[in-house]
$ cat target27.pdb   # PDB, C-alpha atoms
ATOM      1  CA  MET A 259      50.285 -45.331  17.684
ATOM      2  CA  LYS A 260      46.993 -46.383  16.078
ATOM      3  CA  LYS A 261      45.065 -44.736  18.902
ATOM      4  CA  THR A 262      46.993 -41.483  18.432
ATOM      5  CA  LEU A 263      46.416 -41.531  14.647
ATOM      6  CA  SER A 264      42.725 -42.169  15.236
ATOM      7  CA  ILE A 265      42.463 -39.175  17.564
ATOM      8  CA  VAL A 266      44.238 -36.928  15.029
ATOM      9  CA  LEU A 267      41.920 -38.033  12.207
ATOM     10  CA  MET A 268      38.847 -37.461  14.363
ATOM     11  CA  ALA A 269      40.105 -33.975  15.245
ATOM     12  CA  LEU A 270      40.682 -33.132  11.600
ATOM     13  CA  LEU A 271      37.225 -34.383  10.655
ATOM     14  CA  PHE A 272      35.730 -32.248  13.435
ATOM     15  CA  ILE A 273      37.586 -29.154  12.164
ATOM     16  CA  PHE A 274      36.424 -29.777   8.584
ATOM     17  CA  ALA A 275      32.861 -30.254   9.814
ATOM     18  CA  LEU A 276      32.994 -26.941  11.655
ATOM     19  CA  ALA A 277      34.390 -25.225   8.562
ATOM     20  CA  GLY A 278      31.565 -26.689   6.486
ATOM     21  CA  CYS A 279      28.975 -25.457   8.969
ATOM     22  CA  GLY A 280      30.460 -21.941   8.796
ATOM     23  CA  ALA A 281      30.354 -21.713   4.990
ATOM     24  CA  LYS A 282      27.172 -20.042   3.824
ATOM     25  CA  SER A 283      25.324 -21.336   0.806
ATOM     26  CA  GLN A 284      23.615 -19.083  -1.738
ATOM     27  CA  ASP A 285      20.252 -19.646  -0.021
ATOM     28  CA  ASP A 286      21.788 -18.747   3.356
ATOM     29  CA  VAL A 287      23.162 -15.458   2.005
ATOM     30  CA  VAL A 288      19.913 -14.571   0.227
ATOM     31  CA  GLN A 289      17.853 -15.242   3.348
ATOM     32  CA  SER A 290      20.255 -13.210   5.478
ATOM     33  CA  LEU A 291      20.080 -10.286   3.032
ATOM     34  CA  SER A 292      16.292 -10.418   3.037
ATOM     35  CA  LYS A 293      16.172 -10.394   6.857
ATOM     36  CA  LYS A 294      18.670  -7.517   7.070
ATOM     37  CA  ILE A 295      16.592  -5.346   4.716
ATOM     38  CA  ASP A 296      13.373  -6.191   6.565
ATOM     39  CA  LYS A 297      14.788  -5.367  10.001
ATOM     40  CA  MET A 298      16.793  -2.216   9.214
ATOM     41  CA  SER A 299      15.298   1.231   9.818
ATOM     42  CA  GLY A 300      17.382   2.840   7.074
ATOM     43  CA  TYR A 301      20.969   3.632   6.128
ATOM     44  CA  LYS A 302      23.483   6.259   5.096
ATOM     45  CA  ALA A 303      26.010   5.427   2.396
ATOM     46  CA  ASN A 304      28.770   7.024   0.339
ATOM     47  CA  ALA A 305      29.827   5.803  -3.067
ATOM     48  CA  THR A 306      31.839   6.637  -6.173
ATOM     49  CA  MET A 307      30.175   6.090  -9.550
ATOM     50  CA  THR A 308      32.180   5.704 -12.764
ATOM     51  CA  LEU A 309      30.530   6.017 -16.178
ATOM     52  CA  GLN A 310      32.126   4.322 -19.184
ATOM     53  CA  THR A 311      29.734   5.664 -21.827
ATOM     54  CA  GLY A 312      31.972   8.491 -23.059
ATOM     55  CA  GLU A 313      35.425   8.677 -24.584
ATOM     56  CA  LYS A 314      36.961   8.486 -21.105
ATOM     57  CA  PRO A 315      35.573   7.459 -17.703
ATOM     58  CA  VAL A 316      33.698  10.118 -15.752
ATOM     59  CA  LYS A 317      33.480   9.939 -11.959
ATOM     60  CA  TYR A 318      30.792  11.187  -9.586
ATOM     61  CA  SER A 319      30.457  10.999  -5.822
ATOM     62  CA  LEU A 320      27.175  10.050  -4.184
ATOM     63  CA  GLU A 321      25.730  10.419  -0.726
ATOM     64  CA  ILE A 322      22.671   8.223  -0.148
ATOM     65  CA  TRP A 323      20.204   8.400   2.736
ATOM     66  CA  TYR A 324      17.207   6.135   3.245
ATOM     67  CA  LYS A 325      14.658   6.148   6.070
ATOM     68  CA  LYS A 326      11.860   3.610   6.183
ATOM     69  CA  PRO A 327       9.343   3.355   4.776
ATOM     70  CA  ASN A 328       9.897   5.680   1.799
ATOM     71  CA  PHE A 329      12.049   8.743   2.539
ATOM     72  CA  TYR A 330      15.093   9.138   0.265
ATOM     73  CA  ARG A 331      17.907  11.610  -0.304
ATOM     74  CA  VAL A 332      20.446  10.935  -3.084
ATOM     75  CA  ASN A 333      23.065  13.658  -3.603
ATOM     76  CA  LEU A 334      25.083  13.424  -6.847
ATOM     77  CA  LYS A 335      28.231  15.541  -7.292
ATOM     78  CA  ASN A 336      30.774  15.706 -10.080
ATOM     79  CA  ALA A 337      34.479  15.181  -9.443
ATOM     80  CA  LYS A 338      35.162  18.932  -9.076
ATOM     81  CA  LYS A 339      32.317  19.234  -6.508
ATOM     82  CA  ASP A 340      31.157  22.458  -8.222
ATOM     83  CA  GLN A 341      27.919  20.949  -9.532
ATOM     84  CA  SER A 342      25.394  18.817  -7.731
ATOM     85  CA  GLN A 343      21.901  17.425  -8.045
ATOM     86  CA  MET A 344      19.689  15.755  -5.529
ATOM     87  CA  ILE A 345      16.710  13.409  -5.558
ATOM     88  CA  LEU A 346      14.440  13.705  -2.541
ATOM     89  CA  ARG A 347      11.385  11.735  -1.567
ATOM     90  CA  ASN A 348       9.340  12.834   1.425
ATOM     91  CA  LYS A 349       5.684  13.129   2.436
ATOM     92  CA  ASP A 350       5.161  15.914  -0.139
ATOM     93  CA  GLY A 351       6.323  13.916  -3.160
ATOM     94  CA  VAL A 352       9.481  13.317  -5.173
ATOM     95  CA  PHE A 353      11.817  16.225  -5.964
ATOM     96  CA  VAL A 354      14.830  16.727  -8.218
ATOM     97  CA  LEU A 355      16.918  19.683  -7.024
ATOM     98  CA  THR A 356      19.568  21.612  -8.968
ATOM     99  CA  PRO A 357      21.013  23.873  -6.243
ATOM    100  CA  ALA A 358      23.339  25.941  -8.464
ATOM    101  CA  LEU A 359      20.332  27.074 -10.509
ATOM    102  CA  ASN A 360      17.923  27.337  -7.571
ATOM    103  CA  LYS A 361      15.610  24.988  -9.470
ATOM    104  CA  SER A 362      13.433  22.101  -8.351
ATOM    105  CA  PHE A 363      11.092  19.669 -10.094
ATOM    106  CA  ARG A 364       8.273  18.007  -8.162
ATOM    107  CA  PHE A 365       6.661  14.692  -9.157
ATOM    108  CA  ASP A 366       3.654  12.755  -7.926
ATOM    109  CA  SER A 367       5.685   9.619  -8.384
ATOM    110  CA  ASP A 368       6.350   6.295  -6.684
ATOM    111  CA  TRP A 369      10.091   6.555  -7.447
ATOM    112  CA  PRO A 370      12.243   4.504  -6.838
ATOM    113  CA  GLU A 371       9.819   1.583  -7.079
ATOM    114  CA  ASN A 372       9.457  -0.562 -10.214
ATOM    115  CA  ASN A 373      12.993   0.123 -11.531
ATOM    116  CA  SER A 374      16.479  -0.971 -10.522
ATOM    117  CA  GLN A 375      18.550   1.702  -8.759
ATOM    118  CA  ILE A 376      22.299   1.100  -8.674
ATOM    119  CA  TYR A 377      22.864   3.233  -5.561
ATOM    120  CA  LEU A 378      19.993   1.940  -3.357
ATOM    121  CA  VAL A 379      20.810  -1.071  -1.177
ATOM    122  CA  GLU A 380      17.243  -2.388  -0.949
ATOM    123  CA  SER A 381      16.879  -2.146  -4.752
ATOM    124  CA  LEU A 382      19.998  -4.262  -5.268
ATOM    125  CA  VAL A 383      18.763  -6.858  -2.772
ATOM    126  CA  SER A 384      15.374  -6.888  -4.518
ATOM    127  CA  ASP A 385      17.074  -7.588  -7.860
ATOM    128  CA  ILE A 386      18.894 -10.518  -6.232
ATOM    129  CA  LEU A 387      15.760 -11.920  -4.584
ATOM    130  CA  ASN A 388      13.590 -11.611  -7.693
ATOM    131  CA  ASP A 389      15.972 -13.206 -10.202
ATOM    132  CA  SER A 390      15.511 -16.973 -10.132
ATOM    133  CA  THR A 391      18.255 -17.359 -12.765
ATOM    134  CA  ARG A 392      20.886 -15.424 -10.784
ATOM    135  CA  SER A 393      24.393 -16.839 -10.434
ATOM    136  CA  PHE A 394      26.393 -16.873  -7.215
ATOM    137  CA  LYS A 395      30.002 -17.336  -6.211
ATOM    138  CA  LYS A 396      31.937 -16.978  -2.983
ATOM    139  CA  LYS A 397      35.213 -15.104  -2.661
ATOM    140  CA  GLU A 398      37.536 -14.896   0.308
ATOM    141  CA  ASP A 399      35.874 -11.813   1.792
ATOM    142  CA  SER A 400      32.650 -11.394  -0.201
ATOM    143  CA  TYR A 401      29.745 -12.888  -2.144
ATOM    144  CA  VAL A 402      29.137 -12.076  -5.809
ATOM    145  CA  PHE A 403      25.730 -12.219  -7.519
ATOM    146  CA  HIS A 404      25.077 -11.873 -11.231
ATOM    147  CA  THR A 405      21.491 -10.780 -11.951
ATOM    148  CA  LYS A 406      19.139  -9.318 -14.492
ATOM    149  CA  THR A 407      18.178  -5.649 -14.155
ATOM    150  CA  HIS A 408      15.108  -3.439 -14.431
ATOM    151  CA  TYR A 409      16.664  -0.088 -15.314
ATOM    152  CA  GLN A 410      14.835   2.579 -17.330
ATOM    153  CA  ASN A 411      17.690   2.358 -19.827
ATOM    154  CA  LYS A 412      17.326  -1.091 -21.424
ATOM    155  CA  ASN A 413      20.978  -1.053 -22.495
ATOM    156  CA  LEU A 414      21.802  -1.592 -18.808
ATOM    157  CA  TYR A 415      21.011  -5.265 -19.207
ATOM    158  CA  GLN A 416      22.787  -7.143 -16.403
ATOM    159  CA  GLN A 417      24.736  -6.498 -13.241
ATOM    160  CA  GLU A 418      27.321  -7.973 -10.922
ATOM    161  CA  ILE A 419      26.657  -7.184  -7.252
ATOM    162  CA  THR A 420      29.428  -7.769  -4.717
ATOM    163  CA  ILE A 421      28.359  -8.082  -1.065
ATOM    164  CA  SER A 422      30.829  -8.196   1.838
ATOM    165  CA  LYS A 423      30.670 -10.969   4.439
ATOM    166  CA  ASP A 424      28.880  -8.581   6.837
ATOM    167  CA  LEU A 425      26.166  -8.168   4.135
ATOM    168  CA  SER A 426      27.079  -4.574   3.243
ATOM    169  CA  PRO A 427      27.255  -3.738  -0.495
ATOM    170  CA  LYS A 428      30.786  -3.298  -1.864
ATOM    171  CA  GLN A 429      30.502  -2.857  -5.616
ATOM    172  CA  VAL A 430      28.016  -2.926  -8.480
ATOM    173  CA  ARG A 431      28.976  -3.332 -12.134
ATOM    174  CA  VAL A 432      26.220  -2.753 -14.698
ATOM    175  CA  MET A 433      26.800  -4.135 -18.184
ATOM    176  CA  ASP A 434      25.184  -4.395 -21.591
ATOM    177  CA  LYS A 435      24.190  -7.682 -23.256
ATOM    178  CA  ASP A 436      27.798  -8.295 -24.325
ATOM    179  CA  GLU A 437      29.025  -7.814 -20.724
ATOM    180  CA  HIS A 438      30.750  -4.526 -21.526
ATOM    181  CA  GLU A 439      30.845  -2.471 -18.333
ATOM    182  CA  ILE A 440      28.831   0.749 -18.601
ATOM    183  CA  VAL A 441      28.532   1.866 -14.985
ATOM    184  CA  LYS A 442      30.525   0.907 -11.898
ATOM    185  CA  LEU A 443      29.633   1.955  -8.373
ATOM    186  CA  ASP A 444      31.983   1.449  -5.417
ATOM    187  CA  PHE A 445      30.507   1.844  -1.948
ATOM    188  CA  THR A 446      33.032   3.497   0.387
ATOM    189  CA  ASN A 447      30.913   3.546   3.526
ATOM    190  CA  VAL A 448      27.555   2.075   4.568
ATOM    191  CA  GLN A 449      25.984   2.740   7.969
ATOM    192  CA  PHE A 450      22.791   0.867   8.820
ATOM    193  CA  ASP A 451      20.120   2.150  11.248
ATOM    194  CA  PRO A 452      21.481   5.722  11.556
ATOM    195  CA  LYS A 453      19.788   8.671  13.243
ATOM    196  CA  PHE A 454      18.356  11.409  11.022
ATOM    197  CA  ASP A 455      17.714  15.051  11.882
ATOM    198  CA  LYS A 456      14.116  16.279  11.857
ATOM    199  CA  ASN A 457      14.561  18.149   8.551
ATOM    200  CA  ALA A 458      16.890  15.636   6.896
ATOM    201  CA  PHE A 459      14.471  15.071   3.991
ATOM    202  CA  ASP A 460      12.927  18.557   3.807
ATOM    203  CA  MET A 461      13.156  20.091   0.329
ATOM    204  CA  GLN A 462      13.979  23.694   1.305
ATOM    205  CA  THR A 463      16.469  22.655   3.986
ATOM    206  CA  ASN A 464      18.369  20.508   1.473
ATOM    207  CA  MET A 465      18.271  23.173  -1.239
ATOM    208  CA  THR A 466      19.742  25.788   1.105
ATOM    209  CA  GLY A 467      22.345  23.408   2.522
ATOM    210  CA  ALA A 468      23.520  22.300  -0.923
ATOM    211  CA  GLN A 469      23.814  25.906  -2.119
ATOM    212  CA  LEU A 470      26.042  26.793   0.843
ATOM    213  CA  GLU A 471      28.433  23.988  -0.160
ATOM    214  CA  LEU A 472      28.820  25.251  -3.730
ATOM    215  CA  PRO A 473      31.878  27.403  -4.562
ATOM    216  CA  THR A 474      31.263  30.990  -5.612
ATOM    217  CA  LEU A 475      31.046  30.946  -9.389
ATOM    218  CA  GLY A 476      31.863  33.955 -11.538
ATOM    219  CA  GLU A 477      29.709  34.809 -14.517
ATOM    220  CA  ASP A 478      30.600  32.694 -17.534
ATOM    221  CA  SER A 479      30.898  35.019 -20.518
ATOM    222  CA  LYS A 480      31.765  32.289 -23.030
ATOM    223  CA  PRO A 481      29.208  31.699 -25.775
ATOM    224  CA  MET A 482      27.302  28.433 -25.593
ATOM    225  CA  GLU A 483      28.753  25.595 -27.621
ATOM    226  CA  THR A 484      26.092  23.431 -29.221
ATOM    227  CA  VAL A 485      26.185  19.834 -28.037
ATOM    228  CA  TYR A 486      25.034  17.034 -30.346
ATOM    229  CA  PRO A 487      23.757  13.585 -29.331
ATOM    230  CA  ASN A 488      26.154  10.740 -29.995
ATOM    231  CA  ASP A 489      23.313   8.227 -30.283
ATOM    232  CA  THR A 490      20.552   9.309 -32.675
ATOM    233  CA  LEU A 491      19.057   5.811 -33.202
ATOM    234  CA  GLY A 492      19.974   6.112 -36.875
ATOM    235  CA  LEU A 493      17.954   9.292 -37.383
ATOM    236  CA  LYS A 494      19.634  12.019 -39.429
ATOM    237  CA  ALA A 495      20.103  15.689 -38.577
ATOM    238  CA  GLN A 496      17.610  17.705 -40.642
ATOM    239  CA  LYS A 497      17.736  21.238 -39.334
ATOM    240  CA  GLU A 498      19.618  23.429 -36.865
ATOM    241  CA  LYS A 499      18.468  26.935 -36.049
ATOM    242  CA  THR A 500      18.965  29.588 -33.393
ATOM    243  CA  VAL A 501      15.849  31.211 -31.950
ATOM    244  CA  LYS A 502      15.954  34.534 -30.085
ATOM    245  CA  THR A 503      13.692  34.759 -27.025
ATOM    246  CA  GLU A 504      13.321  37.040 -24.008
ATOM    247  CA  GLU A 505      15.242  34.467 -21.996
ATOM    248  CA  GLY A 506      18.119  34.414 -24.489
ATOM    249  CA  SER A 507      19.076  32.388 -27.553
ATOM    250  CA  LYS A 508      18.002  28.787 -27.986
ATOM    251  CA  VAL A 509      19.477  26.248 -30.390
ATOM    252  CA  VAL A 510      16.905  23.891 -31.903
ATOM    253  CA  LEU A 511      18.131  20.607 -33.454
ATOM    254  CA  SER A 512      15.755  18.432 -35.493
ATOM    255  CA  TYR A 513      16.320  14.765 -36.425
ATOM    256  CA  SER A 514      14.192  12.335 -38.419
ATOM    257  CA  ASP A 515      14.310   9.294 -40.715
ATOM    258  CA  GLU A 516      13.746   9.471 -44.464
ATOM    259  CA  ASN A 517       9.999   8.937 -44.199
ATOM    260  CA  GLU A 518       9.654  11.167 -41.122
ATOM    261  CA  LYS A 519       7.933   8.328 -39.293
ATOM    262  CA  LYS A 520      10.366   8.779 -36.425
ATOM    263  CA  SER A 521      11.773  12.095 -35.249
ATOM    264  CA  PHE A 522      12.923  14.073 -32.240
ATOM    265  CA  THR A 523      13.810  17.653 -31.355
ATOM    266  CA  LEU A 524      16.577  18.758 -28.987
ATOM    267  CA  ILE A 525      16.523  22.330 -27.618
ATOM    268  CA  GLU A 526      19.511  23.827 -25.791
ATOM    269  CA  GLN A 527      19.799  27.106 -23.907
ATOM    270  CA  LYS A 528      22.604  28.521 -21.795
ATOM    271  CA  VAL A 529      21.752  29.479 -18.226
ATOM    272  CA  ASP A 530      23.483  32.868 -17.872
ATOM    273  CA  VAL A 531      22.323  33.868 -14.386
ATOM    274  CA  VAL A 532      20.962  32.073 -11.357
ATOM    275  CA  PRO A 533      17.235  32.821 -11.377
ATOM    276  CA  THR A 534      14.959  33.267  -8.424
ATOM    277  CA  GLN A 535      13.852  29.931  -7.067
ATOM    278  CA  GLN A 536      11.912  27.959  -9.663
ATOM    279  CA  HIS A 537       9.481  25.177  -8.751
ATOM    280  CA  VAL A 538       8.252  23.075 -11.655
ATOM    281  CA  SER A 539       5.494  20.550 -11.028
ATOM    282  CA  ILE A 540       5.265  17.501 -13.305
ATOM    283  CA  PRO A 541       2.335  15.444 -11.929
ATOM    284  CA  GLU A 542       2.542  12.707 -14.570
ATOM    285  CA  GLY A 543       6.327  12.641 -14.759
ATOM    286  CA  GLU A 544       9.221  10.671 -13.297
ATOM    287  CA  PRO A 545      12.835  11.418 -12.356
ATOM    288  CA  VAL A 546      15.126   9.766 -14.879
ATOM    289  CA  ASP A 547      18.740   8.779 -14.253
ATOM    290  CA  LEU A 548      20.854   9.861 -17.224
ATOM    291  CA  GLY A 549      24.099   8.768 -15.578
ATOM    292  CA  PHE A 550      25.821  12.162 -15.639
ATOM    293  CA  THR A 551      22.747  13.992 -14.322
ATOM    294  CA  ILE A 552      19.126  13.502 -13.273
ATOM    295  CA  GLY A 553      16.376  14.591 -15.616
ATOM    296  CA  ALA A 554      12.626  15.050 -15.535
ATOM    297  CA  MET A 555      10.681  12.759 -17.873
ATOM    298  CA  ASP A 556       7.056  12.791 -18.916
ATOM    299  CA  THR A 557       5.290  10.854 -21.667
ATOM    300  CA  ASN A 558       6.951  12.549 -24.632
ATOM    301  CA  SER A 559       9.932  14.521 -23.325
ATOM    302  CA  ILE A 560      12.964  14.718 -21.027
ATOM    303  CA  SER A 561      14.331  17.924 -19.473
ATOM    304  CA  TRP A 562      17.700  18.246 -17.748
ATOM    305  CA  THR A 563      20.452  20.725 -16.925
ATOM    306  CA  HIS A 564      24.163  20.020 -17.241
ATOM    307  CA  ASN A 565      27.194  22.307 -17.067
ATOM    308  CA  GLY A 566      25.097  25.455 -17.241
ATOM    309  CA  ILE A 567      22.946  24.402 -20.205
ATOM    310  CA  ASP A 568      19.236  23.579 -20.119
ATOM    311  CA  TYR A 569      18.215  20.723 -22.431
ATOM    312  CA  PHE A 570      14.756  19.740 -23.626
ATOM    313  CA  LEU A 571      14.368  16.560 -25.711
ATOM    314  CA  ALA A 572      10.954  15.761 -27.177
ATOM    315  CA  SER A 573       9.326  13.280 -29.553
ATOM    316  CA  THR A 574       5.841  11.932 -30.200
ATOM    317  CA  THR A 575       7.144   8.987 -32.250
ATOM    318  CA  LEU A 576       9.855   7.507 -29.992
ATOM    319  CA  LYS A 577       9.495   5.308 -26.918
ATOM    320  CA  GLN A 578      10.633   6.597 -23.532
ATOM    321  CA  GLU A 579      13.573   4.186 -23.461
ATOM    322  CA  GLU A 580      14.674   5.552 -26.862
ATOM    323  CA  LEU A 581      14.511   9.127 -25.560
ATOM    324  CA  ILE A 582      16.580   8.075 -22.542
ATOM    325  CA  SER A 583      19.210   6.511 -24.812
ATOM    326  CA  ILE A 584      19.498   9.745 -26.833
ATOM    327  CA  ALA A 585      19.609  11.957 -23.734
ATOM    328  CA  ARG A 586      22.356   9.851 -22.108
ATOM    329  CA  SER A 587      24.509  10.362 -25.207
ATOM    330  CA  VAL A 588      24.535  14.188 -25.061
ATOM    331  CA  TYR A 589      28.060  14.957 -23.852
ATOM    332  CA  GLU A 590      30.306  17.983 -24.378
ATOM    333  CA  HIS A 591      32.973  15.979 -26.204
ATOM    334  CA  VAL A 592      30.649  15.194 -29.128
ATOM    335  CA  SER A 593      30.274  18.848 -30.123
ATOM    336  CA  LYS A 594      30.980  19.331 -33.816
TER     337      LYS A 594
END
$ encode --input "target27.pdb" --output "structure tokens"
Amino acid sequence: MKKTLSIVLMALLFIFALAGCGAKSQDDVVQSLSKKIDKMSGYKANATMTLQTGEKPVKYSLEIWYKKPNFYRVNLKNAKKDQSQMILRNKDGVFVLTPALNKSFRFDSDWPENNSQIYLVESLVSDILNDSTRSFKKKEDSYVFHTKTHYQNKNLYQQEITISKDLSPKQVRVMDKDEHEIVKLDFTNVQFDPKFDKNAFDMQTNMTGAQLELPTLGEDSKPMETVYPNDTLGLKAQKEKTVKTEEGSKVVLSYSDENEKKSFTLIEQKVDVVPTQQHVSIPEGEPVDLGFTIGAMDTNSISWTHNGIDYFLASTTLKQEELISIARSVYEHVSK
């Protein structure tokens, strides 16, 4: 009897020892993630992004391609799939494409380096590796990291990154300092080391392909409704005027403080027709993620297009992160 009990106890101890050997520590997971990123040749991924910055959540679908060392293609579509934007990086530079308007911006930029990117796997792993104060917990089928961030928008202060046991990303939640969720991204499919076509990252090929996917849109005869920023950093509206130009009417909104030490101007213009292809070069600029769209930012301004309206936000007295905060708050539902 004692011999039998001894054998049973030894067997149980052996099973527990094996279970302990199979459980990965935080260091094990981090090292495995680092090795996976180093060895991979690239990936294709699909994801759904949900923004919580408005009155109700807004969803977008994303298709992400990455080919080492630095080719990128990020396609952002709204829920109706009738509007899309794309960020491309290839040997010719960084491009932001707006297919419905036949418009492209070109940057001499090192994007996406130096900033966190919620939809890029290697960026998320970099945030994990570089945060010595990160927290870690294991779930039944995943690992969860809590890290600091390096987003252009400083309100995106911290993030929770969920990684599956096979080291594929599952979910990212980006929060403010009070842990209120601002952006959530759910990965629906991630394929590592895929094959890419020869022209997969070519600007003109992607512009043409994206335009073919767009539904045929009739001419919108509705007058433009002025859209006001929800976040003005405490600056007050001073003037609103409509300016007639050869390209149509523009609405100019001016904001400043009492002493006019800080101010900004927001210009809006409806895009009535799809123009011939426009290429705009911004050598000193950067693509900027506004959540609902991708803009073009230089030292003192941000330009973007959303729902058929061109926006231009400029200031010589505000920091870039302040301009980004204002631009991200320009939604249709805050029209007066």
$ closest_atom_pairs --input "target27.pdb" --of "segment 403-509 of chain A" --to "segment 329-349 of chain A" --cutoff "8 Å" --atoms "only C-alpha atoms" --output "JSON lines"
{"residue": "A:Phe459", "atom": "CA", "partner": "A:Asn348", "partner_atom": "CA", "distance": 6.2}
{"residue": "A:Asp460", "atom": "CA", "partner": "A:Asn348", "partner_atom": "CA", "distance": 7.2}
{"residue": "A:Met461", "atom": "CA", "partner": "A:Leu346", "partner_atom": "CA", "distance": 7.1}
{"residue": "A:Ala468", "atom": "CA", "partner": "A:Ser342", "partner_atom": "CA", "distance": 7.9}
{"residue": "A:Leu472", "atom": "CA", "partner": "A:Asp340", "partner_atom": "CA", "distance": 5.8}
{"residue": "A:Pro473", "atom": "CA", "partner": "A:Asp340", "partner_atom": "CA", "distance": 6.2}
$ resolve_selection --input "target27.pdb" --expression "the PyMOL selection byres ((chain A and resi 424) around 12)" --output "short mmCIF file (atom, residue, chain, number, x, y, z; two decimals) with C-alpha atoms, keeping the file's coordinate frame"
data_model
loop_
_atom_site.label_atom_id
_atom_site.label_comp_id
_atom_site.auth_asym_id
_atom_site.auth_seq_id
_atom_site.Cartn_x
_atom_site.Cartn_y
_atom_site.Cartn_z
CA LYS A 282 27.17 -20.04 3.82
CA VAL A 287 23.16 -15.46 2.00
CA SER A 290 20.26 -13.21 5.48
CA LEU A 291 20.08 -10.29 3.03
CA LYS A 294 18.67 -7.52 7.07
CA ASP A 399 35.87 -11.81 1.79
CA SER A 400 32.65 -11.39 -0.20
CA TYR A 401 29.74 -12.89 -2.14
CA THR A 420 29.43 -7.77 -4.72
CA ILE A 421 28.36 -8.08 -1.06
CA SER A 422 30.83 -8.20 1.84
CA LYS A 423 30.67 -10.97 4.44
CA LEU A 425 26.17 -8.17 4.14
CA SER A 426 27.08 -4.57 3.24
CA PRO A 427 27.26 -3.74 -0.50
CA LYS A 428 30.79 -3.30 -1.86
CA VAL A 448 27.56 2.08 4.57
CA GLN A 449 25.98 2.74 7.97
CA PHE A 450 22.79 0.87 8.82
#
$ closest_atom_pairs --input "target27.pdb" --of "segment 395-453 of chain A" --to "segment 378-387 of chain A" --cutoff "9 Å" --atoms "all atoms listed in the file" --output "JSON lines"
{"residue": "A:Phe403", "atom": "CA", "partner": "A:Ile386", "partner_atom": "CA", "distance": 7.2}
{"residue": "A:His404", "atom": "CA", "partner": "A:Ile386", "partner_atom": "CA", "distance": 8.1}
{"residue": "A:Thr405", "atom": "CA", "partner": "A:Ile386", "partner_atom": "CA", "distance": 6.3}
{"residue": "A:Lys406", "atom": "CA", "partner": "A:Asp385", "partner_atom": "CA", "distance": 7.2}
{"residue": "A:Thr407", "atom": "CA", "partner": "A:Asp385", "partner_atom": "CA", "distance": 6.7}
{"residue": "A:His408", "atom": "CA", "partner": "A:Asp385", "partner_atom": "CA", "distance": 8.0}
{"residue": "A:Ile419", "atom": "CA", "partner": "A:Leu382", "partner_atom": "CA", "distance": 7.5}
{"residue": "A:Ser426", "atom": "CA", "partner": "A:Val379", "partner_atom": "CA", "distance": 8.4}
{"residue": "A:Pro427", "atom": "CA", "partner": "A:Val379", "partner_atom": "CA", "distance": 7.0}
{"residue": "A:Val430", "atom": "CA", "partner": "A:Leu382", "partner_atom": "CA", "distance": 8.7}
$ write_last_selection --input "target27.pdb" --atoms "C-alpha atoms" --output "mmCIF file, keeping the file's coordinate frame"
data_model
loop_
_atom_site.group_PDB
_atom_site.id
_atom_site.type_symbol
_atom_site.label_atom_id
_atom_site.label_comp_id
_atom_site.auth_asym_id
_atom_site.auth_seq_id
_atom_site.Cartn_x
_atom_site.Cartn_y
_atom_site.Cartn_z
ATOM 1 C CA PHE A 403 25.730 -12.219 -7.519
ATOM 2 C CA HIS A 404 25.077 -11.873 -11.231
ATOM 3 C CA THR A 405 21.491 -10.780 -11.951
ATOM 4 C CA LYS A 406 19.139 -9.318 -14.492
ATOM 5 C CA THR A 407 18.178 -5.649 -14.155
ATOM 6 C CA HIS A 408 15.108 -3.439 -14.431
ATOM 7 C CA ILE A 419 26.657 -7.184 -7.252
ATOM 8 C CA SER A 426 27.079 -4.574 3.243
ATOM 9 C CA PRO A 427 27.255 -3.738 -0.495
ATOM 10 C CA VAL A 430 28.016 -2.926 -8.480
#
$ resolve_selection --input "target27.pdb" --expression "the PyMOL selection byres ((chain A and resi 355) around 7)" --output "NGL selection string"
:A and (343-345 or 353-354 or 356-357 or 361-363 or 465)
$ resolve_selection --input "target27.pdb" --expression "the PyMOL selection byres ((chain A and resi 560-566) around 9)" --output "PyMOL selection string"
chain A and resi 341+356+358-359+527-530+546+548+550-559+567-572+578+581-582+585
$ closest_residue --input "target27.pdb" --among "A:Ile525, A:Ala458, A:Val485, A:Met307" --to "Ser587 of chain A" --atoms "only C-alpha atoms"
A:Val485
